[in-house]
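Visitor: What follows is query_36.tsv, made up of TSV, C-alpha atoms and all ligand atoms:
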```
chain	number	residue	atom	x	y	z
H	1076	MET	CA	90.95	117.16	110.75
H	1077	ARG	CA	91.24	113.66	109.30
H	1078	ILE	CA	89.83	112.98	105.84
H	1079	ILE	CA	88.86	109.49	104.73
H	1080	LEU	CA	87.64	108.99	101.17
H	1081	PHE	CA	85.89	105.86	99.93
H	1082	THR	CA	86.17	104.87	96.31
H	1083	GLY	CA	85.55	101.80	94.16
H	1084	LYS	CA	83.51	100.50	91.25
H	1085	GLY	CA	79.80	101.36	90.97
H	1086	GLY	CA	77.56	99.56	93.44
H	1087	VAL	CA	80.27	97.86	95.53
H	1088	GLY	CA	79.18	99.47	98.81
H	1089	LYS	CA	81.04	102.80	99.01
H	1090	THR	CA	78.09	104.69	100.48
H	1091	THR	CA	77.32	101.90	102.94
H	1092	THR	CA	80.90	101.55	104.21
H	1093	ALA	CA	81.47	105.33	104.27
H	1094	ALA	CA	78.30	105.85	106.33
H	1095	ALA	CA	79.20	102.94	108.62
H	1096	THR	CA	82.70	104.38	109.16
H	1097	ALA	CA	81.26	107.82	109.92
H	1098	LEU	CA	78.82	106.40	112.44
H	1099	LYS	CA	81.58	104.44	114.14
H	1100	CYS	CA	83.78	107.58	114.34
H	1101	ALA	CA	80.87	109.54	115.83
H	1102	LYS	CA	80.26	106.82	118.40
H	1103	GLN	CA	83.88	107.13	119.51
H	1104	GLY	CA	83.20	110.75	120.34
H	1105	LEU	CA	84.75	112.22	117.20
H	1106	LYS	CA	82.86	115.11	115.66
H	1107	THR	CA	82.18	113.65	112.24
H	1108	LEU	CA	80.75	114.85	108.95
H	1109	VAL	CA	79.99	112.44	106.13
H	1110	VAL	CA	79.57	114.02	102.71
H	1111	SER	CA	78.51	112.63	99.38
H	1112	THR	CA	80.18	113.98	96.24
H	1113	ASP	CA	78.27	111.66	93.91
H	1114	PRO	CA	75.53	113.68	92.16
H	1115	ALA	CA	73.45	110.48	92.24
H	1116	HIS	CA	73.30	110.71	96.04
H	1117	SER	CA	72.25	107.75	98.12
H	1118	LEU	CA	73.73	108.80	101.44
H	1119	SER	CA	70.31	109.96	102.69
H	1120	ASP	CA	68.94	106.52	101.91
H	1121	ALA	CA	71.81	104.72	103.60
H	1122	LEU	CA	71.51	106.82	106.77
H	1123	ASN	CA	67.74	106.92	106.48
H	1124	VAL	CA	67.86	110.66	107.21
H	1125	GLU	CA	66.95	113.35	104.69
H	1126	LEU	CA	70.21	115.22	104.05
H	1127	LYS	CA	70.56	118.75	102.67
H	1128	PRO	CA	73.31	120.48	100.72
H	1129	GLU	CA	74.50	121.91	104.07
H	1130	PRO	CA	75.58	119.77	107.07
H	1131	THR	CA	72.46	118.13	108.51
H	1132	PRO	CA	72.41	116.54	111.99
H	1133	VAL	CA	72.05	112.73	111.87
H	1134	THR	CA	72.76	111.56	115.40
H	1135	GLU	CA	75.07	112.52	118.27
H	1136	ASN	CA	78.42	113.76	116.86
H	1137	LEU	CA	77.37	112.94	113.29
H	1138	TRP	CA	76.34	115.23	110.46
H	1139	GLY	CA	75.65	114.40	106.84
H	1140	GLN	CA	75.71	116.52	103.70
H	1141	GLU	CA	74.95	115.86	100.05
H	1142	PHE	CA	76.87	118.31	97.91
H	1143	ASP	CA	74.92	120.02	95.19
H	1144	VAL	CA	76.90	121.89	92.62
H	1145	TYR	CA	74.16	124.38	91.67
H	1146	TYR	CA	73.47	125.15	95.32
H	1147	SER	CA	77.16	125.47	96.15
H	1148	MET	CA	77.95	127.70	93.20
H	1149	LYS	CA	75.00	129.99	93.86
H	1150	LYS	CA	75.44	130.27	97.57
H	1151	HIS	CA	79.19	130.42	97.99
H	1152	TRP	CA	80.81	131.11	94.69
H	1153	ASP	CA	78.26	133.05	92.74
H	1154	SER	CA	80.58	135.67	91.33
H	1155	MET	CA	82.76	132.94	89.89
H	1156	ARG	CA	79.72	131.37	88.30
H	1157	GLN	CA	78.80	134.78	86.92
H	1158	LEU	CA	82.28	135.10	85.47
H	1159	MET	CA	82.02	131.74	83.73
H	1160	LEU	CA	78.58	132.73	82.42
H	1161	THR	CA	79.95	136.02	81.14
H	1162	ILE	CA	82.82	134.30	79.41
H	1163	PHE	CA	80.52	131.87	77.67
H	1164	LYS	CA	78.03	134.54	76.67
H	1165	TRP	CA	80.87	136.62	75.34
H	1166	ARG	CA	81.87	133.64	73.27
H	1167	GLY	CA	78.40	133.57	71.75
H	1168	VAL	CA	76.83	130.76	73.74
H	1169	ASP	CA	73.19	131.60	74.45
H	1170	ASN	CA	71.79	132.05	77.94
H	1171	VAL	CA	70.27	128.72	78.76
H	1172	VAL	CA	73.19	126.76	77.46
H	1173	ALA	CA	75.58	129.09	79.24
H	1174	GLU	CA	73.72	128.44	82.50
H	1175	GLU	CA	74.29	124.73	82.00
H	1176	LEU	CA	77.87	125.22	80.91
H	1177	SER	CA	78.68	127.10	84.07
H	1178	VAL	CA	78.44	123.68	85.61
H	1179	LEU	CA	81.24	122.34	83.50
H	1180	PRO	CA	82.83	118.95	83.81
H	1181	GLY	CA	84.96	119.22	86.91
H	1182	MET	CA	82.76	121.89	88.49
H	1183	GLU	CA	81.08	119.29	90.71
H	1184	GLU	CA	84.48	118.21	91.89
H	1185	ALA	CA	85.70	121.78	92.27
H	1186	SER	CA	82.78	122.69	94.49
H	1187	ALA	CA	83.41	119.55	96.56
H	1188	PHE	CA	87.04	120.63	96.93
H	1189	LEU	CA	85.94	124.06	98.10
H	1190	TRP	CA	83.81	122.58	100.85
H	1191	ILE	CA	86.71	120.36	101.89
H	1192	GLU	CA	89.02	123.38	101.96
H	1193	LYS	CA	86.55	125.29	104.12
H	1194	TYR	CA	86.13	122.45	106.61
H	1195	TYR	CA	89.87	121.87	106.80
H	1196	ARG	CA	90.73	125.56	107.21
H	1197	THR	CA	88.20	126.08	109.97
H	1198	ASN	CA	88.93	122.68	111.56
H	1199	ALA	CA	85.17	122.28	111.67
H	1200	TYR	CA	85.18	118.52	112.34
H	1201	ASP	CA	87.52	115.89	113.72
H	1202	VAL	CA	86.82	113.59	110.81
H	1203	LEU	CA	85.49	114.23	107.33
H	1204	ILE	CA	84.31	111.10	105.52
H	1205	ILE	CA	83.84	111.36	101.77
H	1206	ASP	CA	81.47	109.03	99.97
H	1207	SER	CA	82.51	109.50	96.38
H	1208	ALA	CA	81.17	108.60	92.96
H	1209	PRO	CA	82.42	105.45	91.20
H	1210	THR	CA	86.17	105.24	90.58
H	1211	GLY	CA	86.41	107.14	87.30
H	1212	GLU	CA	84.78	110.27	88.64
H	1213	THR	CA	86.71	110.09	91.87
H	1214	LEU	CA	89.93	110.09	89.92
H	1215	THR	CA	88.60	113.20	88.20
H	1216	LEU	CA	88.03	114.74	91.60
H	1217	LEU	CA	91.53	113.91	92.67
H	1218	THR	CA	93.20	115.17	89.51
H	1219	LEU	CA	91.20	118.34	89.51
H	1220	PRO	CA	93.88	120.91	88.71
H	1221	GLN	CA	94.41	119.09	85.41
H	1222	VAL	CA	90.67	119.03	84.81
H	1223	MET	CA	90.42	122.75	85.36
H	1224	GLN	CA	92.71	123.27	82.48
H	1225	SER	CA	90.14	121.60	80.27
H	1226	TRP	CA	87.50	124.17	81.28
H	1227	LEU	CA	89.79	126.96	80.33
H	1228	THR	CA	90.51	125.39	77.00
H	1229	LYS	CA	86.75	125.25	76.50
H	1230	ALA	CA	86.34	128.88	77.43
H	1231	PHE	CA	89.22	129.92	75.19
H	1232	PRO	CA	89.40	127.38	72.39
H	1233	GLY	CA	92.62	127.31	70.45
H	1234	GLN	CA	94.68	128.71	73.31
H	1235	LYS	CA	97.13	126.56	75.14
H	1236	PHE	CA	98.02	127.62	78.62
H	1237	ALA	CA	98.71	126.38	82.06
H	1238	ILE	CA	96.68	127.40	85.07
H	1239	LYS	CA	99.42	129.80	86.11
H	1240	THR	CA	99.00	131.87	82.98
H	1241	VAL	CA	95.23	132.17	83.13
H	1242	GLY	CA	95.46	135.52	84.84
H	1243	LYS	CA	97.50	137.01	82.04
H	1244	ILE	CA	95.20	135.68	79.34
H	1245	LEU	CA	92.11	136.97	81.07
H	1246	ARG	CA	93.73	140.34	81.47
H	1247	ARG	CA	94.61	140.46	77.80
H	1248	THR	CA	91.10	139.45	76.75
H	1249	LYS	CA	89.06	142.57	76.16
H	1250	GLY	CA	85.35	142.74	76.85
H	1251	ILE	CA	85.22	140.60	79.95
H	1252	PRO	CA	84.58	142.32	83.26
H	1253	LEU	CA	87.57	141.24	85.26
H	1254	ASP	CA	86.34	142.30	88.63
H	1255	LYS	CA	85.24	140.19	91.53
H	1256	GLY	CA	84.63	137.11	89.46
H	1257	TYR	CA	88.19	137.09	88.27
H	1258	GLU	CA	89.51	137.51	91.78
H	1259	GLU	CA	87.36	134.61	92.86
H	1260	LEU	CA	88.62	132.52	90.01
H	1261	GLN	CA	92.17	133.18	91.14
H	1262	ALA	CA	91.29	132.43	94.74
H	1263	LEU	CA	89.64	129.26	93.51
H	1264	PHE	CA	92.79	128.04	91.78
H	1265	GLY	CA	94.74	128.76	94.95
H	1266	LYS	CA	92.27	126.87	97.10
H	1267	LEU	CA	92.16	123.89	94.78
H	1268	ALA	CA	95.93	123.62	94.90
H	1269	THR	CA	95.79	123.80	98.69
H	1270	VAL	CA	93.18	121.05	98.88
H	1271	GLN	CA	95.24	118.82	96.67
H	1272	GLU	CA	98.20	119.34	99.00
H	1273	ILE	CA	96.01	118.43	101.96
H	1274	MET	CA	94.65	115.37	100.23
H	1275	VAL	CA	98.07	113.94	99.34
H	1276	ASN	CA	99.28	114.40	102.90
H	1277	PRO	CA	99.14	110.87	104.36
H	1278	GLU	CA	98.85	112.28	107.89
H	1279	VAL	CA	95.56	113.90	106.93
H	1280	CYS	CA	93.94	111.91	104.17
H	1281	SER	CA	93.44	108.19	103.69
H	1282	ILE	CA	91.77	106.58	100.72
H	1283	ARG	CA	89.95	103.29	101.26
H	1284	ILE	CA	89.12	101.21	98.22
H	1285	VAL	CA	85.90	99.23	98.42
H	1286	ALA	CA	85.61	96.04	96.36
H	1287	ASN	CA	83.61	92.84	96.07
H	1288	PRO	CA	85.10	89.39	95.44
H	1289	GLU	CA	84.34	89.62	91.73
H	1290	ARG	CA	86.61	89.74	88.72
H	1291	MET	CA	85.70	93.08	87.18
H	1292	VAL	CA	85.51	94.82	90.51
H	1293	ILE	CA	88.99	93.62	91.45
H	1294	GLN	CA	90.44	94.72	88.12
H	1295	GLU	CA	89.04	98.18	88.63
H	1296	ALA	CA	90.26	98.29	92.23
H	1297	LYS	CA	93.79	97.43	91.09
H	1298	ARG	CA	93.73	100.10	88.42
H	1299	ALA	CA	92.46	102.66	90.90
H	1300	TYR	CA	95.19	101.65	93.35
H	1301	THR	CA	97.86	102.26	90.71
H	1302	TYR	CA	96.43	105.64	89.80
H	1303	LEU	CA	95.92	106.81	93.34
H	1304	GLN	CA	99.51	106.00	94.15
H	1305	LEU	CA	100.71	107.61	90.97
H	1306	TYR	CA	99.02	110.82	92.02
H	1307	GLY	CA	100.52	110.50	95.48
H	1308	TYR	CA	97.41	109.61	97.50
H	1309	ASN	CA	97.76	107.32	100.50
H	1310	VAL	CA	95.58	104.24	100.24
H	1311	ASP	CA	95.42	102.81	103.75
H	1312	GLY	CA	93.06	99.87	103.32
H	1313	ILE	CA	90.84	97.74	101.13
H	1314	ILE	CA	87.33	96.84	102.19
H	1315	VAL	CA	86.01	93.68	100.60
H	1316	ASN	CA	82.28	93.91	100.92
H	1317	ARG	CA	79.37	91.52	100.32
H	1318	ILE	CA	81.28	88.29	100.85
H	1319	LEU	CA	78.86	85.39	100.76
H	1320	PRO	CA	79.09	83.07	103.75
H	1321	GLU	CA	80.64	79.67	102.86
H	1322	GLU	CA	77.53	77.83	104.00
H	1323	VAL	CA	75.37	79.20	101.18
H	1324	GLY	CA	77.73	77.55	98.68
H	1325	THR	CA	77.19	73.91	99.59
H	1326	ALA	CA	77.48	71.37	96.74
H	1327	GLY	CA	74.50	71.54	94.42
H	1328	SER	CA	73.29	74.92	95.72
H	1329	VAL	CA	72.66	77.91	93.46
H	1330	PHE	CA	75.65	79.73	94.90
H	1331	GLU	CA	78.11	76.84	94.78
H	1332	LYS	CA	80.11	78.28	91.88
H	1333	TYR	CA	79.99	81.83	93.20
H	1334	VAL	CA	81.32	80.87	96.61
H	1335	LYS	CA	84.06	78.78	95.03
H	1336	SER	CA	85.27	81.56	92.75
H	1337	GLN	CA	84.93	84.04	95.61
H	1338	GLY	CA	87.58	82.02	97.47
H	1339	HIS	CA	90.02	82.48	94.57
H	1340	TYR	CA	89.25	86.16	94.32
H	1341	LEU	CA	89.77	86.71	98.03
H	1342	GLN	CA	93.19	85.12	97.68
H	1343	GLU	CA	93.93	87.31	94.67
H	1344	ILE	CA	92.94	90.40	96.65
H	1345	ASP	CA	95.17	89.35	99.55
H	1346	GLU	CA	98.13	88.94	97.23
H	1347	SER	CA	97.55	91.96	95.04
H	1348	PHE	CA	97.13	94.48	97.80
H	1349	GLN	CA	99.41	93.20	100.54
H	1350	PRO	CA	100.79	94.64	102.75
H	1351	LEU	CA	97.67	96.83	102.83
H	1352	PRO	CA	95.20	95.84	105.54
H	1353	ILE	CA	92.18	94.11	104.06
H	1354	PHE	CA	88.86	94.43	105.87
H	1355	LYS	CA	86.22	91.86	105.07
H	1356	VAL	CA	82.48	92.35	105.32
H	1357	LYS	CA	79.95	89.56	104.85
H	1358	HIS	CA	76.82	89.95	102.84
H	1359	GLN	CA	74.23	90.90	105.42
H	1360	GLY	CA	71.45	88.89	103.79
H	1361	GLN	CA	69.44	92.09	103.37
H	1362	GLU	CA	69.79	95.64	102.09
H	1363	VAL	CA	71.74	97.84	104.47
H	1364	PHE	CA	70.19	101.10	105.49
H	1365	GLY	CA	69.47	102.85	108.74
H	1366	LEU	CA	71.80	103.44	111.66
H	1367	GLU	CA	71.35	100.05	113.29
H	1368	LEU	CA	72.46	98.01	110.29
H	1369	LEU	CA	75.27	100.47	109.53
H	1370	ASP	CA	76.45	100.09	113.09
H	1371	ALA	CA	76.76	96.34	112.59
H	1372	ILE	CA	78.76	96.89	109.36
H	1373	GLY	CA	81.06	99.34	111.15
H	1374	ASP	CA	81.74	96.78	113.90
H	1375	THR	CA	82.49	94.09	111.32
H	1376	ILE	CA	84.96	96.31	109.47
H	1377	TYR	CA	86.88	97.84	112.34
H	1378	GLN	CA	86.13	95.59	115.31
H	1379	ASP	CA	87.95	97.25	118.19
H	1380	LYS	CA	90.10	99.52	116.02
H	1381	ASN	CA	89.68	103.25	115.70
H	1382	PRO	CA	88.23	103.83	112.21
H	1383	ALA	CA	89.95	107.23	111.99
H	1384	GLU	CA	93.38	105.60	112.42
H	1385	ILE	CA	95.90	105.66	109.57
H	1386	PHE	CA	96.05	101.93	108.87
H	1387	HIS	CA	98.94	101.98	106.45
H	1388	LYS	CA	101.46	104.47	105.18
H	1389	GLU	CA	103.78	103.64	102.38
H	1390	ASN	CA	104.42	104.60	98.83
H	1391	PRO	CA	104.87	101.32	97.01
H	1392	PHE	CA	104.87	102.85	93.57
H	1393	ASN	CA	106.92	105.46	91.76
H	1394	VAL	CA	107.81	106.58	88.27
H	1395	LYS	CA	111.17	108.10	87.32
H	1396	GLU	CA	112.50	109.45	84.07
H	1397	GLU	CA	115.97	108.19	83.18
H	1398	GLY	CA	117.16	109.51	79.82
H	1399	ASP	CA	115.24	107.70	77.11
H	1400	TYR	CA	113.40	105.54	79.63
H	1401	TYR	CA	110.75	105.61	82.27
H	1402	VAL	CA	111.52	103.38	85.22
H	1403	ILE	CA	108.45	102.31	87.15
H	1404	SER	CA	109.16	100.76	90.55
H	1405	ILE	CA	106.46	98.73	92.25
H	1406	ARG	CA	106.71	96.97	95.58
H	1407	ILE	CA	105.27	93.47	95.26
H	1408	PRO	CA	105.74	91.56	98.49
H	1409	PHE	CA	103.87	88.45	97.35
H	1410	ILE	CA	106.54	87.39	94.84
H	1411	LYS	CA	109.13	86.80	97.60
H	1412	ASP	CA	112.03	84.65	96.29
H	1413	GLN	CA	110.00	82.71	93.77
H	1414	GLU	CA	110.92	82.39	90.12
H	1415	PHE	CA	108.58	84.35	87.94
H	1416	THR	CA	108.15	85.61	84.42
H	1417	LEU	CA	106.79	88.97	83.47
H	1418	GLU	CA	104.98	90.06	80.35
H	1419	LYS	CA	103.49	93.38	79.42
H	1420	TYR	CA	100.20	93.65	77.56
H	1421	GLY	CA	99.28	97.29	77.06
H	1422	ASP	CA	98.96	98.81	80.51
H	1423	GLU	CA	98.82	95.41	82.18
H	1424	LEU	CA	101.77	93.54	83.66
H	1425	SER	CA	101.20	89.84	83.85
H	1426	ILE	CA	103.30	87.99	86.42
H	1427	SER	CA	103.43	84.19	86.25
H	1428	ILE	CA	104.59	82.24	89.28
H	1429	ASN	CA	104.21	78.46	89.30
H	1430	ASN	CA	101.57	78.55	86.57
H	1431	GLN	CA	99.62	81.15	88.51
H	1432	ARG	CA	99.01	84.45	86.83
H	1433	ARG	CA	98.66	87.77	88.60
H	1434	SER	CA	98.16	91.09	86.93
H	1435	LEU	CA	99.09	94.65	87.85
H	1436	PHE	CA	98.23	97.82	86.09
H	1437	LEU	CA	100.61	100.50	84.95
H	1438	PRO	CA	99.49	104.06	84.37
H	1439	ARG	CA	97.84	104.36	80.97
H	1440	PHE	CA	100.73	106.30	79.43
H	1441	ALA	CA	102.66	103.02	79.58
H	1442	ASN	CA	100.16	101.39	77.24
H	1443	TYR	CA	102.16	101.84	74.03
H	1444	LEU	CA	105.65	101.89	75.49
H	1445	GLU	CA	107.91	98.94	75.00
H	1446	MET	CA	109.30	97.14	78.01
H	1447	GLU	CA	113.08	97.12	77.68
H	1448	SER	CA	113.87	95.05	80.77
H	1449	TYR	CA	112.90	94.43	84.37
H	1450	THR	CA	114.60	93.58	87.64
H	1451	PHE	CA	113.36	92.33	90.99
H	1452	GLU	CA	115.18	93.02	94.22
H	1453	ASP	CA	114.05	93.30	97.86
H	1454	SER	CA	110.39	93.03	96.84
H	1455	TRP	CA	110.74	95.89	94.36
H	1456	LEU	CA	109.98	95.22	90.74
H	1457	LYS	CA	111.58	97.75	88.42
H	1458	VAL	CA	110.24	97.96	84.91
H	1459	LYS	CA	112.17	99.91	82.31
H	1460	LEU	CA	110.03	101.33	79.51
H	1461	LYS	CA	111.41	102.91	76.37
H	1462	LYS	CA	109.96	106.36	75.69
H	1463	GLY	CA	107.72	106.39	72.65
H	1501	LIG	N1	77.47	93.98	103.20
H	1501	LIG	C1	76.31	94.15	102.55
H	1501	LIG	N2	75.34	93.23	102.61
H	1501	LIG	C2	74.17	93.38	101.94
H	1501	LIG	N3	73.88	94.43	101.18
H	1501	LIG	C3	74.81	95.40	101.07
H	1501	LIG	C4	76.08	95.32	101.73
H	1501	LIG	N4	76.78	96.43	101.42
H	1501	LIG	C5	76.01	97.16	100.61
H	1501	LIG	N5	74.82	96.54	100.39
H	1501	LIG	C6	73.71	97.01	99.52
H	1501	LIG	O1	74.22	97.11	98.21
H	1501	LIG	C7	73.65	98.23	97.53
H	1501	LIG	C8	74.76	99.13	97.00
H	1501	LIG	O2	75.49	99.65	98.10
H	1501	LIG	P1	76.03	101.15	98.09
H	1501	LIG	O3	74.95	102.09	97.69
H	1501	LIG	O4	76.70	101.36	99.39
H	1501	LIG	O5	77.10	101.03	96.93
H	1501	LIG	P2	77.91	102.21	96.21
H	1501	LIG	O6	79.24	101.66	95.91
H	1501	LIG	O7	77.82	103.43	97.05
H	1501	LIG	O8	77.06	102.41	94.89
H	1501	LIG	P3	77.16	103.62	93.84
H	1501	LIG	O9	78.35	103.34	93.00
H	1501	LIG	O10	75.87	103.53	93.10
H	1501	LIG	O11	77.30	104.87	94.65
H	1501	LIG	C9	72.74	98.92	98.54
H	1501	LIG	O12	71.44	98.50	98.31
H	1501	LIG	C10	73.23	98.40	99.89
H	1501	LIG	O13	72.20	98.34	100.84
H	1502	MG	MG	77.18	105.39	96.54
```
When written as structure tokens, how does the structure in this file appear?
Guide:
Amino acid sequence: MRIILFTGKGGVGKTTTAAATALKCAKQGLKTLVVSTDPAHSLSDALNVELKPEPTPVTENLWGQEFDVYYSMKKHWDSMRQLMLTIFKWRGVDNVVAEELSVLPGMEEASAFLWIEKYYRTNAYDVLIIDSAPTGETLTLLTLPQVMQSWLTKAFPGQKFAIKTVGKILRRTKGIPLDKGYEELQALFGKLATVQEIMVNPEVCSIRIVANPERMVIQEAKRAYTYLQLYGYNVDGIIVNRILPEEVGTAGSVFEKYVKSQGHYLQEIDESFQPLPIFKVKHQGQEVFGLELLDAIGDTIYQDKNPAEIFHKENPFNVKEEGDYYVISIRIPFIKDQEFTLEKYGDELSISINNQRRSLFLPRFANYLEMESYTFEDSWLKVKLKKG
């Protein structure tokens, strides 16, 4: 089973492009399921079909599903929910609040992961397309094992432990029924780890970042790209959506400035993300919903390519520890042999070439670390940061 996840800033067109990709896969004869992990679902609206929290038929070869954490927990993982409830009640949290707390931060993501695990294990579909929430939450989804630790810290305040040791702590804690719920909790940790392994396997999972030719959107896309690579996920393409056609930007028109700046941003996107393939989608001049319009978007993105293909596979980013330093290596093909200067502002690296400035983002831990030196060789920039 192939997994393709769409992420990007709020409102850029994740749901639209995910649904269009799913439809295109289905039309190629691939058995396809498109799921929405964003609790503020709009996949039903995009497909113009009422979706349920279980796979719902949309058209030939295509199913859609809007995950619902309460539904998922109750139907499939109720004993685990009961365990969480018991723990919270035992800690003196009253019933109603405990019911809410059993949907802790990260629980949405965990239940999404469990569905993914189930589909992958049973090879239920040829392609699973994930329409995710805006970037921040998607990163939460993808760093789930870390997030789970935060639940446990909430359940057992004042105790520091890693996921591995949770079993021991629960066993030591008197007064909690450690029966089926506990077993499920353990199975859950196992499954989550498995899903993460699946999702970082570039042969299985591709992440596609959706953006618009706008400043803030691009900044967020670059940050997301850095993080996704840091966590080992394979980004195999960028979709630049809602590009205004040049002709609406004629001199004196309302969109003149927008279309002009859009040109600069498109160039910035080309440079910042190369050698990733960049797919461009024009503004359709109307809202996009329903299979017909999605079909047109799918054709624009992929043309005669297979949307389930792996469009790019490379890890252009890595972090190593070397004694008192972290060395971050980043592949930046656009610099080529040109002279450049590099400055670091917080988590941002600013590269100046011929009076042109380009920025890259380092992982946030680099924010307060001093840059000792940098080198550039064979398109690889190596930045040496002194540990704090
Ligand atoms: N190429 C396009 N041309 C015109 N309208 C578009 C295009 N792509 C998306 N839209 C419209 O933009 C709006 C937002 O798109 P969409 O819901 O896909 O974004 P999103 O990234 O999923 O948003 P959210 O972050 O809220 O989930 C929708 O009304 C959609 O119809
Ligand atoms: Mg959406």
Visitor: Where does chain H meet ligand MG 1502 (chain H) within 6 Å, residue by residue, with the nearest atom pair and distance in Å to one decimal for each, counting all atoms listed in the file, listed by chain and rising number, as CSV?
Guide:
```
residue,atom,partner,partner_atom,distance
H:Lys1089,CA,H:MG1502,MG,5.3
H:Thr1090,CA,H:MG1502,MG,4.1
H:Ser1117,CA,H:MG1502,MG,5.7
```
Visitor: Please provide the set of residues having any atom within 6 Å of Lys1457 in chain H, restricted to only C-alpha atoms, with same-chain residues fewer than 6 positions apart removed, written as number ranges by chain.
Guide: H: 1403-1404, 1449-1450
Visitor: For a test of reading the model, state the distance in Å between CA of Phe1188 in chain H and atom N4 of ligand LIG 1501 (chain H), rounded to one decimal.
Guide: 26.7 Å
Visitor: Would you kindly identify which residues have an atom no farther than 7 Å from (95.8, 97.6, 98.9), using all atoms listed in the file and the file's own coordinates, and write them out as a short mmCIF file (atom, residue, chain, number, x, y, z; two decimals) with C-alpha atoms, in the coordinates of the input?
Guide:
```cif
data_model
loop_
_atom_site.label_atom_id
_atom_site.label_comp_id
_atom_site.auth_asym_id
_atom_site.auth_seq_id
_atom_site.Cartn_x
_atom_site.Cartn_y
_atom_site.Cartn_z
CA TYR H 1300 95.19 101.65 93.35
CA VAL H 1310 95.58 104.24 100.24
CA GLY H 1312 93.06 99.87 103.32
CA ILE H 1313 90.84 97.74 101.13
CA PHE H 1348 97.13 94.48 97.80
CA GLN H 1349 99.41 93.20 100.54
CA PRO H 1350 100.79 94.64 102.75
CA LEU H 1351 97.67 96.83 102.83
CA PRO H 1352 95.20 95.84 105.54
#
```
Visitor: May I have the residues within 8 Å of Ala1383 in chain H as a JSON list (two decimals) with C-alpha atoms, keeping the file's coordinate frame, using only C-alpha atoms and disregarding those fewer than 5 positions away in the same chain?
Guide:
```json
[["chain", "number", "residue", "atom", "x", "y", "z"],
["H", 1077, "ARG", "CA", 91.24, 113.66, 109.30],
["H", 1079, "ILE", "CA", 88.86, 109.49, 104.73],
["H", 1100, "CYS", "CA", 83.78, 107.58, 114.34],
["H", 1202, "VAL", "CA", 86.82, 113.59, 110.81]]
```
Visitor: Determine the nearest neighbour of Glu1272 in chain H from the options H:Leu1456, H:Ile1191, H:Leu1080, H:Ala1097, counting only C-alpha atoms.
Guide: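 So, comparing all the options, the nearest one is H:Ile1191.
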Visitor: One decimal, in Å: what's the spacing between CA of Lys1357 in chain H and CA of Cys1280 in chain H?
Guide: 26.4 Å
Visitor: Ligand LIG 1501 (chain H): which residues are within 7 Å, counting only C-alpha atoms and all ligand atoms? Reply as a ChimeraX atom specification.
Guide: /H:1083-1092,1113,1117,1121,1208-1209,1316-1317,1356-1364,1372
Visitor: Rounded to one decimal place, report the CA of Glu1184 in chain H-CA of Phe1392 in chain H distance in Å.
Guide: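 Distance between the two atoms: 25.6 Å.
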Visitor: Need to verify the contact set: Ile1376 in chain H, 9 Å, all atoms listed in the file, exclusion of same-chain residues closer than 6 positions in sequence. Can you return it as a list in words?
Guide: Thr1092, Ala1095, Thr1096, Ile1314, Phe1354, Lys1355, Val1356 and Pro1382 of chain H
Visitor: Quick one: residues within 9 Å of Ala1296 in chain H, all atoms listed in the file counted, chain neighbours fewer than 2 positions away excluded, as a list of chain:residue names?
Guide: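 In the requested format, the answer is H:Thr1082, H:Gly1083, H:Lys1084, H:Thr1210, H:Ile1284, H:Val1285, H:Ala1286, H:Met1291, H:Val1292, H:Ile1293, H:Gln1294, H:Arg1298, H:Ala1299, H:Tyr1300, H:Thr1301, H:Ile1313.
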